[in-house]
Amino acid sequence: MGSIMDAGIGVSSSFAKDMIDQNAFIRSPNGNALIGEVWPGKAYFPDFLNPNTSKFWSKGLQALYDLVPYQGIWLDMNEPANFVPGEVDFVNDESILANNPPYKTVRARESFFVGALRLDALHYQDVPELYLHNLFGLHHSQATYDFFKTKSELVFIASRATSPGSGQFATHWTGDNGATFEYMAVSISQIMSFNLFGIPNSGAVICGFFLDTTEELCSRWHQLGSLYPHERDQRSNRDGERDHEPYAMGPTVLATAKASLAFRYSILRHYYTQFLKQNGTGTIFKPLFFEYPTDDILFDSTSQVTDSQFLVGESLMAAPALREGQKQVSVYFPKDTWFDFIDGTLMQRFSEESNSVSYPAPLNTTVPIFIRGGYIVPIQDTKKVMSTEDLNEKYELKIAFNETNTKGVYQAKGELVGISDFSDKNVFTKCKQNNCLYSMNATIEIEEDKYSLVVNFKALGNVKNYEKVEIESLFMMGDWGHKLDFIQDVHDYFDLKTNVKGEVVIEQVSENVIQYKFLRAFKVEDGAEIKISQKIDFNELLDLKQNFVFFKNYEIFI
């Protein structure tokens, strides 16, 4: 359970008098506590530069915790926002430069103190608001974080106002956005930017906060939002506007939201792995040129590729529909091997030049998403999953092979989280303080008379950190090309040799996909290897084929 907390404290609050006595509020230039106006009505604003303020803030958070033991908190209105310009009864003196700088805002008709505090207000040791305004969200988040660290090692705080450095304390959402396709599209570059600012866990309000949304827009936003690091939907409180809940928006939104949420849950542990792997550094949701820095098209603003496509980690690329009435998306594939992540269709070979392809983008399903050759992404079954607690320890490995310099040899790599208990304490102890990830390396060798697959697992941390993790199936994608007939023969005429206990069921062998299901799940541990192979005798194969044709014809004859 989470809680919402605004920065402004009502003047009639039981905490207000004690905080005034300790000079714990931002002050007007006359020395009195500044009075603004927000949701409680007239309100004071905590001065987190004052060391006493955090103590009072923690006391207030604890009082709320005693009533409802919440697990996370949403810090809103902490720019800080103010419903009156400057302060209550503020009269602007144009000779005061702090409130009347020679430069103008983007909305030039408005002064800097509109919707905010007067900029000559004073903080601890008389530091003016002009110098600290952009740091309020950071200090607010830090004070809240310090309280939450007494409750849990893993703290969840969502803050509307942030600055570089806030990522160590809080996640971020992009604030009150509009229900338009333009707002949805710009959220991609916003979240990329916040990744650069050191706040990777960011997101925008799905379907928009103000204005009336539509079924099409809300559906498209659920597709895109399913890949936000911080996915959130927030219904606008404005009277007369449509509710945003999928069940209230109509069958298209409901079906699209269900498909998108199921997809998010299927890769949720992979997403989790990206954060554990980065360990507080680097980016998660990022532009394509981060992985392809020599591709000039990705730096060309007229191409709009960087504003419309993005990567999740190194391996997954999404190309959402961002325009009203759009049925197809133009997907740009940088020079590499790319597959459709859902069905394994080969989209581009490594030997081919980068290319743009028109790709279907229907509603009622997930966002168009692709996997980069050379990578492994673990996914999970979500048929009976209603919350993260329903996710089990079983995985399917989606393996997108890339050709190597060695003829007939293809490889891929990835990471797998090695715990099944995702409680805060367990994750902190085994994954944050230590390392709970496995590295995975897969090699498939297809020669003229040999078929061999090996997937190995190496613990990157102390083996004591690891818990039960199992592999139920493999979904392997590759540019098999002219080798397809040989691969098909291997699976049609021979029993595979394997170290997987129990039967290996061949679910699919097609142009780009080989899919195996294990009737008995394979247990992952340090040094474990999945091995599947077959060495072919061509004379034996020829006899088998001839006998197969004979018996097939005989069966038809009788």
# chains A, B, ... in the order shown; residues from 1 in each chain; ligands from 1
$ closest_atom_pairs --of "region 377-408 of chain A" --to "region 511-520 of chain A" --cutoff "12 Å" --atoms "only C-alpha atoms" --output "JSON lines"
{"residue": "A:Lys394", "atom": "CA", "partner": "A:Arg520", "partner_atom": "CA", "distance": 11.2}
{"residue": "A:Tyr395", "atom": "CA", "partner": "A:Lys517", "partner_atom": "CA", "distance": 11.0}
{"residue": "A:Glu396", "atom": "CA", "partner": "A:Lys517", "partner_atom": "CA", "distance": 8.8}
{"residue": "A:Leu397", "atom": "CA", "partner": "A:Gln515", "partner_atom": "CA", "distance": 9.9}
{"residue": "A:Lys398", "atom": "CA", "partner": "A:Gln515", "partner_atom": "CA", "distance": 9.3}
{"residue": "A:Ile399", "atom": "CA", "partner": "A:Val513", "partner_atom": "CA", "distance": 9.7}
{"residue": "A:Ala400", "atom": "CA", "partner": "A:Val513", "partner_atom": "CA", "distance": 9.4}
{"residue": "A:Phe401", "atom": "CA", "partner": "A:Asn512", "partner_atom": "CA", "distance": 10.1}
{"residue": "A:Asn402", "atom": "CA", "partner": "A:Asn512", "partner_atom": "CA", "distance": 12.0}
$ residues_around --residues "Ser54 (chain A)" --least-positions-apart "3" --cutoff "10 Å" --atoms "only C-alpha atoms" --output "JSON, numbers by chain"
{"A": [24, 46, 47, 48, 49, 50, 51, 57, 58, 59, 60, 139, 140, 142, 143, 144, 146, 147]}
$ closest_atom_pairs --of "region 330-435 of chain A" --to "region 316-322 of chain A" --cutoff "7 Å" --atoms "only C-alpha atoms" --output "JSON lines"
{"residue": "A:Val331", "atom": "CA", "partner": "A:Ala319", "partner_atom": "CA", "distance": 6.2}
{"residue": "A:Ala361", "atom": "CA", "partner": "A:Ala321", "partner_atom": "CA", "distance": 6.5}
{"residue": "A:Val367", "atom": "CA", "partner": "A:Pro320", "partner_atom": "CA", "distance": 5.6}
{"residue": "A:Pro368", "atom": "CA", "partner": "A:Ala319", "partner_atom": "CA", "distance": 5.6}
{"residue": "A:Ile369", "atom": "CA", "partner": "A:Ala318", "partner_atom": "CA", "distance": 4.4}
{"residue": "A:Phe370", "atom": "CA", "partner": "A:Met317", "partner_atom": "CA", "distance": 5.2}
{"residue": "A:Ile371", "atom": "CA", "partner": "A:Leu316", "partner_atom": "CA", "distance": 4.8}
{"residue": "A:Arg372", "atom": "CA", "partner": "A:Leu316", "partner_atom": "CA", "distance": 6.4}
$ closest_atom_pairs --of "region 237-324 of chain A" --to "region 421-426 of chain A" --cutoff "12 Å" --atoms "only C-alpha atoms" --output "JSON lines"
{"residue": "A:Leu268", "atom": "CA", "partner": "A:Phe422", "partner_atom": "CA", "distance": 11.9}
{"residue": "A:Arg269", "atom": "CA", "partner": "A:Phe422", "partner_atom": "CA", "distance": 9.9}
{"residue": "A:Tyr272", "atom": "CA", "partner": "A:Phe422", "partner_atom": "CA", "distance": 10.3}
{"residue": "A:Thr273", "atom": "CA", "partner": "A:Phe422", "partner_atom": "CA", "distance": 12.0}
$ write_last_selection --atoms "N, CA and C atoms" --output "PDB file, in the first residue's frame"
ATOM      1  N   LEU A 268       9.054  -8.968 -16.538  1.00  0.00           N
ATOM      2  CA  LEU A 268       9.314  -8.139 -15.367  1.00  0.00           C
ATOM      3  C   LEU A 268      10.625  -8.498 -14.677  1.00  0.00           C
ATOM      4  N   ARG A 269      10.921  -9.784 -14.559  1.00  0.00           N
ATOM      5  CA  ARG A 269      12.167 -10.196 -13.915  1.00  0.00           C
ATOM      6  C   ARG A 269      13.380  -9.804 -14.777  1.00  0.00           C
ATOM      7  N   TYR A 272      13.828  -6.219 -14.062  1.00  0.00           N
ATOM      8  CA  TYR A 272      14.434  -6.153 -12.728  1.00  0.00           C
ATOM      9  C   TYR A 272      15.931  -6.407 -12.833  1.00  0.00           C
ATOM     10  N   THR A 273      16.282  -7.380 -13.663  1.00  0.00           N
ATOM     11  CA  THR A 273      17.686  -7.734 -13.849  1.00  0.00           C
ATOM     12  C   THR A 273      18.493  -6.559 -14.394  1.00  0.00           C
TER      13      THR A 273
END
$ select_by_dssp --residues "region 193-284 of chain A" --states "alpha helix (DSSP H)" --output "JSON list (two decimals) with N, CA and C atoms, in the first residue's frame"
[["chain", "number", "residue", "atom", "x", "y", "z"],
["A", 193, "SER", "N", 15.75, 11.25, -21.06],
["A", 193, "SER", "CA", 16.47, 12.35, -20.42],
["A", 193, "SER", "C", 16.67, 12.06, -18.94],
["A", 194, "PHE", "N", 15.62, 11.59, -18.27],
["A", 194, "PHE", "CA", 15.76, 11.32, -16.84],
["A", 194, "PHE", "C", 16.69, 10.15, -16.57],
["A", 195, "ASN", "N", 16.80, 9.22, -17.50],
["A", 195, "ASN", "CA", 17.83, 8.19, -17.37],
["A", 195, "ASN", "C", 19.21, 8.83, -17.38],
["A", 196, "LEU", "N", 19.40, 9.82, -18.24],
["A", 196, "LEU", "CA", 20.68, 10.53, -18.30],
["A", 196, "LEU", "C", 20.94, 11.34, -17.03],
["A", 215, "GLU", "N", -10.40, 6.20, -26.56],
["A", 215, "GLU", "CA", -10.09, 4.77, -26.51],
["A", 215, "GLU", "C", -8.80, 4.47, -27.27],
["A", 216, "GLU", "N", -8.64, 5.08, -28.43],
["A", 216, "GLU", "CA", -7.44, 4.81, -29.22],
["A", 216, "GLU", "C", -6.18, 5.31, -28.49],
["A", 217, "LEU", "N", -6.22, 6.53, -27.99],
["A", 217, "LEU", "CA", -5.06, 7.09, -27.30],
["A", 217, "LEU", "C", -4.71, 6.27, -26.07],
["A", 218, "CYS", "N", -5.73, 5.94, -25.29],
["A", 218, "CYS", "CA", -5.49, 5.19, -24.06],
["A", 218, "CYS", "C", -4.93, 3.80, -24.36],
["A", 219, "SER", "N", -5.41, 3.18, -25.43],
["A", 219, "SER", "CA", -4.89, 1.87, -25.83],
["A", 219, "SER", "C", -3.42, 1.97, -26.24],
["A", 220, "ARG", "N", -3.11, 2.95, -27.08],
["A", 220, "ARG", "CA", -1.72, 3.14, -27.51],
["A", 220, "ARG", "C", -0.82, 3.44, -26.33],
["A", 221, "TRP", "N", -1.34, 4.20, -25.37],
["A", 221, "TRP", "CA", -0.51, 4.57, -24.23],
["A", 221, "TRP", "C", -0.25, 3.37, -23.32],
["A", 222, "HIS", "N", -1.22, 2.45, -23.24],
["A", 222, "HIS", "CA", -0.96, 1.22, -22.47],
["A", 222, "HIS", "C", 0.12, 0.38, -23.15],
["A", 223, "GLN", "N", 0.11, 0.36, -24.47],
["A", 223, "GLN", "CA", 1.17, -0.38, -25.18],
["A", 223, "GLN", "C", 2.53, 0.21, -24.86],
["A", 224, "LEU", "N", 2.65, 1.53, -25.00],
["A", 224, "LEU", "CA", 3.93, 2.19, -24.71],
["A", 224, "LEU", "C", 4.27, 2.10, -23.23],
["A", 225, "GLY", "N", 3.30, 2.41, -22.38],
["A", 225, "GLY", "CA", 3.54, 2.46, -20.94],
["A", 225, "GLY", "C", 3.95, 1.15, -20.33],
["A", 246, "PRO", "N", -9.10, 0.82, -17.41],
["A", 246, "PRO", "CA", -9.36, 0.10, -18.66],
["A", 246, "PRO", "C", -10.77, -0.45, -18.78],
["A", 247, "TYR", "N", -11.32, -0.96, -17.68],
["A", 247, "TYR", "CA", -12.67, -1.52, -17.75],
["A", 247, "TYR", "C", -13.73, -0.44, -17.98],
["A", 248, "ALA", "N", -13.37, 0.83, -17.70],
["A", 248, "ALA", "CA", -14.32, 1.93, -17.89],
["A", 248, "ALA", "C", -14.19, 2.57, -19.26],
["A", 249, "MET", "N", -13.15, 2.18, -20.01],
["A", 249, "MET", "CA", -12.85, 2.85, -21.28],
["A", 249, "MET", "C", -13.37, 2.12, -22.50],
["A", 251, "PRO", "N", -14.02, -1.95, -24.67],
["A", 251, "PRO", "CA", -13.38, -3.25, -24.91],
["A", 251, "PRO", "C", -11.99, -3.14, -25.54],
["A", 252, "THR", "N", -11.75, -2.15, -26.38],
["A", 252, "THR", "CA", -10.44, -2.04, -27.02],
["A", 252, "THR", "C", -9.37, -1.70, -25.99],
["A", 253, "VAL", "N", -9.64, -0.74, -25.12],
["A", 253, "VAL", "CA", -8.68, -0.39, -24.08],
["A", 253, "VAL", "C", -8.47, -1.56, -23.13],
["A", 254, "LEU", "N", -9.55, -2.23, -22.77],
["A", 254, "LEU", "CA", -9.44, -3.35, -21.84],
["A", 254, "LEU", "C", -8.57, -4.46, -22.42],
["A", 255, "ALA", "N", -8.83, -4.83, -23.68],
["A", 255, "ALA", "CA", -8.06, -5.91, -24.31],
["A", 255, "ALA", "C", -6.60, -5.51, -24.48],
["A", 256, "THR", "N", -6.36, -4.26, -24.89],
["A", 256, "THR", "CA", -4.99, -3.81, -25.09],
["A", 256, "THR", "C", -4.24, -3.73, -23.77],
["A", 257, "ALA", "N", -4.91, -3.22, -22.74],
["A", 257, "ALA", "CA", -4.27, -3.11, -21.42],
["A", 257, "ALA", "C", -3.95, -4.49, -20.87],
["A", 258, "LYS", "N", -4.88, -5.44, -21.03],
["A", 258, "LYS", "CA", -4.63, -6.81, -20.53],
["A", 258, "LYS", "C", -3.43, -7.43, -21.22],
["A", 259, "ALA", "N", -3.37, -7.30, -22.55],
["A", 259, "ALA", "CA", -2.25, -7.87, -23.31],
["A", 259, "ALA", "C", -0.94, -7.19, -22.92],
["A", 260, "SER", "N", -0.98, -5.87, -22.76],
["A", 260, "SER", "CA", 0.23, -5.11, -22.46],
["A", 260, "SER", "C", 0.73, -5.40, -21.05],
["A", 261, "LEU", "N", -0.20, -5.48, -20.09],
["A", 261, "LEU", "CA", 0.20, -5.79, -18.72],
["A", 261, "LEU", "C", 0.74, -7.21, -18.61],
["A", 262, "ALA", "N", 0.10, -8.14, -19.33],
["A", 262, "ALA", "CA", 0.60, -9.52, -19.32],
["A", 262, "ALA", "C", 2.01, -9.58, -19.88],
["A", 263, "PHE", "N", 2.26, -8.81, -20.95],
["A", 263, "PHE", "CA", 3.61, -8.77, -21.51],
["A", 263, "PHE", "C", 4.60, -8.19, -20.53],
["A", 264, "ARG", "N", 4.22, -7.09, -19.87],
["A", 264, "ARG", "CA", 5.13, -6.49, -18.90],
["A", 264, "ARG", "C", 5.48, -7.48, -17.80],
["A", 265, "TYR", "N", 4.46, -8.19, -17.29],
["A", 265, "TYR", "CA", 4.73, -9.16, -16.24],
["A", 265, "TYR", "C", 5.61, -10.30, -16.74],
["A", 266, "SER", "N", 5.47, -10.66, -18.01],
["A", 266, "SER", "CA", 6.27, -11.76, -18.55],
["A", 266, "SER", "C", 7.75, -11.43, -18.58],
["A", 268, "LEU", "N", 9.05, -8.97, -16.54],
["A", 268, "LEU", "CA", 9.31, -8.14, -15.37],
["A", 268, "LEU", "C", 10.63, -8.50, -14.68],
["A", 269, "ARG", "N", 10.92, -9.78, -14.56],
["A", 269, "ARG", "CA", 12.17, -10.20, -13.92],
["A", 269, "ARG", "C", 13.38, -9.80, -14.78],
["A", 270, "HIS", "N", 13.20, -9.82, -16.10],
["A", 270, "HIS", "CA", 14.27, -9.35, -16.98],
["A", 270, "HIS", "C", 14.50, -7.86, -16.77],
["A", 271, "TYR", "N", 13.42, -7.11, -16.66],
["A", 271, "TYR", "CA", 13.53, -5.67, -16.40],
["A", 271, "TYR", "C", 14.23, -5.45, -15.05],
["A", 272, "TYR", "N", 13.83, -6.22, -14.06],
["A", 272, "TYR", "CA", 14.43, -6.15, -12.73],
["A", 272, "TYR", "C", 15.93, -6.41, -12.83],
["A", 273, "THR", "N", 16.28, -7.38, -13.66],
["A", 273, "THR", "CA", 17.69, -7.73, -13.85],
["A", 273, "THR", "C", 18.49, -6.56, -14.39],
["A", 274, "GLN", "N", 17.88, -5.75, -15.27],
["A", 274, "GLN", "CA", 18.60, -4.61, -15.83],
["A", 274, "GLN", "C", 19.01, -3.64, -14.74],
["A", 275, "PHE", "N", 18.13, -3.41, -13.77],
["A", 275, "PHE", "CA", 18.46, -2.51, -12.66],
["A", 275, "PHE", "C", 19.54, -3.12, -11.77],
["A", 276, "LEU", "N", 19.43, -4.42, -11.50],
["A", 276, "LEU", "CA", 20.44, -5.07, -10.67],
["A", 276, "LEU", "C", 21.79, -5.08, -11.37],
["A", 277, "LYS", "N", 21.78, -5.30, -12.65],
["A", 277, "LYS", "CA", 23.01, -5.34, -13.44],
["A", 277, "LYS", "C", 23.69, -3.97, -13.45],
["A", 278, "GLN", "N", 22.90, -2.90, -13.62],
["A", 278, "GLN", "CA", 23.47, -1.55, -13.64],
["A", 278, "GLN", "C", 23.90, -1.10, -12.25]]
$ residues_around --residues "Trp74 (chain A)" --least-positions-apart "4" --cutoff "10 Å" --atoms "only C-alpha atoms" --output "list of chain:residue names"
A:Gly2, A:Ser3, A:Ile4, A:Met5, A:Asp6, A:Ser141, A:Phe156, A:Ile157, A:Ala158, A:Ser159, A:Arg160, A:Ala170, A:Thr171, A:His172, A:Trp173
$ closest_residue --among "A:Glu245, A:Asp212, A:Asp449, A:Glu182" --to "Arg323 (chain A)" --atoms "only C-alpha atoms"
A:Glu182
$ residues_around --residues "Pro29 (chain A)" --least-positions-apart "2" --cutoff "12 Å" --atoms "only C-alpha atoms" --output "PDB file with N, CA and C atoms, in the first residue's frame"
ATOM      1  N   ILE A  26      10.152  27.581   5.314  1.00  0.00           N
ATOM      2  CA  ILE A  26      10.679  28.651   4.473  1.00  0.00           C
ATOM      3  C   ILE A  26      10.048  29.965   4.926  1.00  0.00           C
ATOM      4  N   ARG A  27      10.855  31.058   4.957  1.00  0.00           N
ATOM      5  CA  ARG A  27      10.396  32.322   5.512  1.00  0.00           C
ATOM      6  C   ARG A  27      10.257  33.408   4.445  1.00  0.00           C
ATOM      7  N   GLY A  31      10.958  37.652   7.803  1.00  0.00           N
ATOM      8  CA  GLY A  31      11.336  36.723   8.863  1.00  0.00           C
ATOM      9  C   GLY A  31      10.230  35.795   9.301  1.00  0.00           C
ATOM     10  N   ASN A  32       8.989  36.074   8.941  1.00  0.00           N
ATOM     11  CA  ASN A  32       7.874  35.194   9.306  1.00  0.00           C
ATOM     12  C   ASN A  32       7.790  34.000   8.345  1.00  0.00           C
ATOM     13  N   ALA A  33       7.206  32.893   8.834  1.00  0.00           N
ATOM     14  CA  ALA A  33       7.011  31.728   7.971  1.00  0.00           C
ATOM     15  C   ALA A  33       6.135  32.112   6.782  1.00  0.00           C
ATOM     16  N   LEU A  34       6.599  31.802   5.585  1.00  0.00           N
ATOM     17  CA  LEU A  34       5.857  32.126   4.372  1.00  0.00           C
ATOM     18  C   LEU A  34       4.574  31.306   4.321  1.00  0.00           C
ATOM     19  N   GLY A  86       3.613  33.675  -5.401  1.00  0.00           N
ATOM     20  CA  GLY A  86       4.567  34.134  -4.390  1.00  0.00           C
ATOM     21  C   GLY A  86       4.227  33.723  -2.983  1.00  0.00           C
ATOM     22  N   GLU A  87       3.196  34.285  -2.421  1.00  0.00           N
ATOM     23  CA  GLU A  87       2.656  33.934  -1.108  1.00  0.00           C
ATOM     24  C   GLU A  87       1.306  34.626  -0.965  1.00  0.00           C
ATOM     25  N   PHE A  90       0.711  38.581  -1.567  1.00  0.00           N
ATOM     26  CA  PHE A  90       1.998  39.043  -2.093  1.00  0.00           C
ATOM     27  C   PHE A  90       1.799  40.231  -3.026  1.00  0.00           C
ATOM     28  N   ILE A  96      12.949  44.373  -6.953  1.00  0.00           N
ATOM     29  CA  ILE A  96      13.638  43.202  -6.386  1.00  0.00           C
ATOM     30  C   ILE A  96      13.973  42.241  -7.516  1.00  0.00           C
ATOM     31  N   ALA A  98      15.420  39.340  -7.722  1.00  0.00           N
ATOM     32  CA  ALA A  98      15.163  37.900  -7.588  1.00  0.00           C
ATOM     33  C   ALA A  98      13.812  37.518  -8.165  1.00  0.00           C
ATOM     34  N   LEU A 117       6.811  29.811  -5.101  1.00  0.00           N
ATOM     35  CA  LEU A 117       7.088  30.719  -3.996  1.00  0.00           C
ATOM     36  C   LEU A 117       7.822  31.951  -4.524  1.00  0.00           C
ATOM     37  N   ARG A 118       7.713  33.039  -3.799  1.00  0.00           N
ATOM     38  CA  ARG A 118       8.506  34.211  -4.169  1.00  0.00           C
ATOM     39  C   ARG A 118       9.986  33.840  -4.062  1.00  0.00           C
ATOM     40  N   LEU A 119      10.777  34.276  -4.995  1.00  0.00           N
ATOM     41  CA  LEU A 119      12.165  33.820  -5.088  1.00  0.00           C
ATOM     42  C   LEU A 119      13.101  34.547  -4.143  1.00  0.00           C
ATOM     43  N   ASP A 120      12.610  35.572  -3.434  1.00  0.00           N
ATOM     44  CA  ASP A 120      13.417  36.190  -2.388  1.00  0.00           C
ATOM     45  C   ASP A 120      13.049  35.654  -1.007  1.00  0.00           C
ATOM     46  N   ALA A 121      12.230  34.572  -0.964  1.00  0.00           N
ATOM     47  CA  ALA A 121      11.968  33.886   0.299  1.00  0.00           C
ATOM     48  C   ALA A 121      13.278  33.300   0.815  1.00  0.00           C
ATOM     49  N   LEU A 122      13.324  33.055   2.128  1.00  0.00           N
ATOM     50  CA  LEU A 122      14.587  32.674   2.763  1.00  0.00           C
ATOM     51  C   LEU A 122      14.536  31.269   3.351  1.00  0.00           C
ATOM     52  N   HIS A 123      15.625  30.554   3.147  1.00  0.00           N
ATOM     53  CA  HIS A 123      15.842  29.240   3.770  1.00  0.00           C
ATOM     54  C   HIS A 123      16.813  29.395   4.942  1.00  0.00           C
ATOM     55  N   ASP A 126      19.544  32.097   5.778  1.00  0.00           N
ATOM     56  CA  ASP A 126      19.178  33.163   4.843  1.00  0.00           C
ATOM     57  C   ASP A 126      19.575  32.898   3.387  1.00  0.00           C
ATOM     58  N   VAL A 127      19.635  31.633   3.002  1.00  0.00           N
ATOM     59  CA  VAL A 127      19.861  31.303   1.586  1.00  0.00           C
ATOM     60  C   VAL A 127      18.556  31.546   0.840  1.00  0.00           C
ATOM     61  N   PRO A 128      18.566  32.348  -0.239  1.00  0.00           N
ATOM     62  CA  PRO A 128      17.304  32.678  -0.919  1.00  0.00           C
ATOM     63  C   PRO A 128      16.736  31.507  -1.727  1.00  0.00           C
ATOM     64  N   GLU A 129      15.416  31.501  -1.861  1.00  0.00           N
ATOM     65  CA  GLU A 129      14.708  30.494  -2.664  1.00  0.00           C
ATOM     66  C   GLU A 129      15.215  30.472  -4.099  1.00  0.00           C
TER      67      GLU A 129
END
$ atom_distance --atom1 "CA of Lys501 (chain A)" --atom2 "CA of Lys523 (chain A)"
9.7 Å
$ atom_distance --atom1 "CA of Gly178 (chain A)" --atom2 "CA of Ile199 (chain A)"
22.3 Å
$ closest_residue --among "A:His482, A:Lys468, A:Lys531, A:Lys151" --to "Ser452 (chain A)" --atoms "only C-alpha atoms"
A:Lys531
$ select_by_dssp --residues "region 116-208 of chain A" --states "strand (DSSP E or B)" --output "list in words"
Leu117, Leu122, Pro128, Ile157, Ala158, Ser159, Thr171, His172, Trp173, Gly178, Ser202, Gly203, Val205 and Ile206 of chain A
$ write_last_selection --atoms "N, CA and C atoms" --output "compact mmCIF listing (two decimals), in the first residue's frame"
# COMPACT_ATOMS: atom_id res chain seq x y z
N LEU A 117 6.81 29.81 -5.10
CA LEU A 117 7.09 30.72 -4.00
C LEU A 117 7.82 31.95 -4.52
N LEU A 122 13.32 33.05 2.13
CA LEU A 122 14.59 32.67 2.76
C LEU A 122 14.54 31.27 3.35
N PRO A 128 18.57 32.35 -0.24
CA PRO A 128 17.30 32.68 -0.92
C PRO A 128 16.74 31.51 -1.73
N ILE A 157 9.94 5.58 -3.36
CA ILE A 157 9.40 6.94 -3.29
C ILE A 157 9.24 7.42 -4.72
N ALA A 158 8.05 7.92 -5.06
CA ALA A 158 7.81 8.54 -6.37
C ALA A 158 7.69 10.04 -6.15
N SER A 159 8.54 10.80 -6.80
CA SER A 159 8.55 12.25 -6.61
C SER A 159 8.25 12.97 -7.92
N THR A 171 12.09 7.58 -7.36
CA THR A 171 11.73 7.47 -8.76
C THR A 171 11.07 8.78 -9.18
N HIS A 172 10.73 8.87 -10.45
CA HIS A 172 10.17 10.13 -10.95
C HIS A 172 9.07 9.85 -11.95
N TRP A 173 8.01 10.67 -11.89
CA TRP A 173 7.08 10.67 -13.01
C TRP A 173 6.99 12.09 -13.54
N GLY A 178 -0.95 16.03 -20.60
CA GLY A 178 -2.24 16.11 -21.27
C GLY A 178 -2.57 14.83 -22.02
N SER A 202 11.78 6.00 -14.23
CA SER A 202 10.91 7.13 -14.53
C SER A 202 9.75 6.69 -15.41
N GLY A 203 8.70 7.50 -15.42
CA GLY A 203 7.55 7.18 -16.26
C GLY A 203 6.60 8.36 -16.36
N VAL A 205 2.31 9.58 -16.84
CA VAL A 205 0.94 9.14 -16.55
C VAL A 205 0.33 8.56 -17.82
N ILE A 206 -0.04 7.30 -17.78
CA ILE A 206 -0.64 6.62 -18.93
C ILE A 206 -2.05 7.17 -19.17
$ residues_around --residues "Lys535 (chain A)" --least-positions-apart "5" --cutoff "12 Å" --atoms "only C-alpha atoms" --output "list in words"
Glu445, Ile446, Glu447, Glu448, Asp449, Lys450, Tyr451, Ser452, Leu453, Phe486, Ile487, Asp489, Val490, His491, Tyr493, Phe494, Asp495, Leu496, Lys497, Glu540 and Leu541 of chain A
$ write_last_selection --atoms "N, CA and C atoms" --output "compact mmCIF listing (two decimals), in the first residue's frame"
# COMPACT_ATOMS: atom_id res chain seq x y z
N GLU A 445 25.72 -25.02 -32.71
CA GLU A 445 26.64 -25.35 -33.81
C GLU A 445 25.91 -26.23 -34.80
N ILE A 446 25.87 -25.80 -36.05
CA ILE A 446 25.16 -26.54 -37.10
C ILE A 446 26.14 -26.75 -38.25
N GLU A 447 26.71 -27.95 -38.29
CA GLU A 447 27.64 -28.28 -39.37
C GLU A 447 26.96 -29.26 -40.33
N GLU A 448 27.73 -29.80 -41.25
CA GLU A 448 27.14 -30.69 -42.26
C GLU A 448 26.63 -31.99 -41.65
N ASP A 449 27.25 -32.42 -40.56
CA ASP A 449 26.82 -33.69 -39.97
C ASP A 449 26.66 -33.59 -38.45
N LYS A 450 26.51 -32.36 -37.95
CA LYS A 450 26.49 -32.19 -36.49
C LYS A 450 25.52 -31.08 -36.09
N TYR A 451 24.76 -31.38 -35.04
CA TYR A 451 23.86 -30.39 -34.44
C TYR A 451 24.13 -30.40 -32.94
N SER A 452 24.49 -29.24 -32.38
CA SER A 452 24.86 -29.19 -30.97
C SER A 452 24.42 -27.86 -30.35
N LEU A 453 23.73 -27.94 -29.22
CA LEU A 453 23.30 -26.76 -28.48
C LEU A 453 23.80 -26.87 -27.04
N PHE A 486 18.51 -29.33 -43.06
CA PHE A 486 19.30 -30.21 -42.20
C PHE A 486 18.73 -30.20 -40.77
N ILE A 487 18.41 -29.02 -40.26
CA ILE A 487 17.85 -28.92 -38.90
C ILE A 487 16.53 -29.68 -38.82
N ASP A 489 15.60 -32.22 -40.65
CA ASP A 489 15.89 -33.66 -40.69
C ASP A 489 16.34 -34.18 -39.33
N VAL A 490 17.19 -33.39 -38.63
CA VAL A 490 17.66 -33.79 -37.31
C VAL A 490 16.47 -34.06 -36.39
N HIS A 491 15.49 -33.18 -36.44
CA HIS A 491 14.36 -33.30 -35.52
C HIS A 491 13.28 -34.26 -36.02
N TYR A 493 13.89 -37.16 -37.82
CA TYR A 493 14.32 -38.56 -37.95
C TYR A 493 15.14 -39.09 -36.79
N PHE A 494 15.58 -38.25 -35.86
CA PHE A 494 16.47 -38.71 -34.81
C PHE A 494 15.97 -38.30 -33.43
N ASP A 495 16.31 -39.09 -32.44
CA ASP A 495 16.08 -38.73 -31.04
C ASP A 495 17.25 -37.89 -30.56
N LEU A 496 16.97 -36.76 -29.98
CA LEU A 496 18.02 -35.88 -29.52
C LEU A 496 18.73 -36.46 -28.30
N LYS A 497 20.04 -36.23 -28.23
CA LYS A 497 20.81 -36.59 -27.05
C LYS A 497 20.86 -35.38 -26.13
N GLU A 540 22.70 -43.36 -42.90
CA GLU A 540 21.58 -43.71 -42.03
C GLU A 540 20.38 -42.79 -42.29
N LEU A 541 20.67 -41.49 -42.47
CA LEU A 541 19.62 -40.53 -42.74
C LEU A 541 18.91 -40.85 -44.05
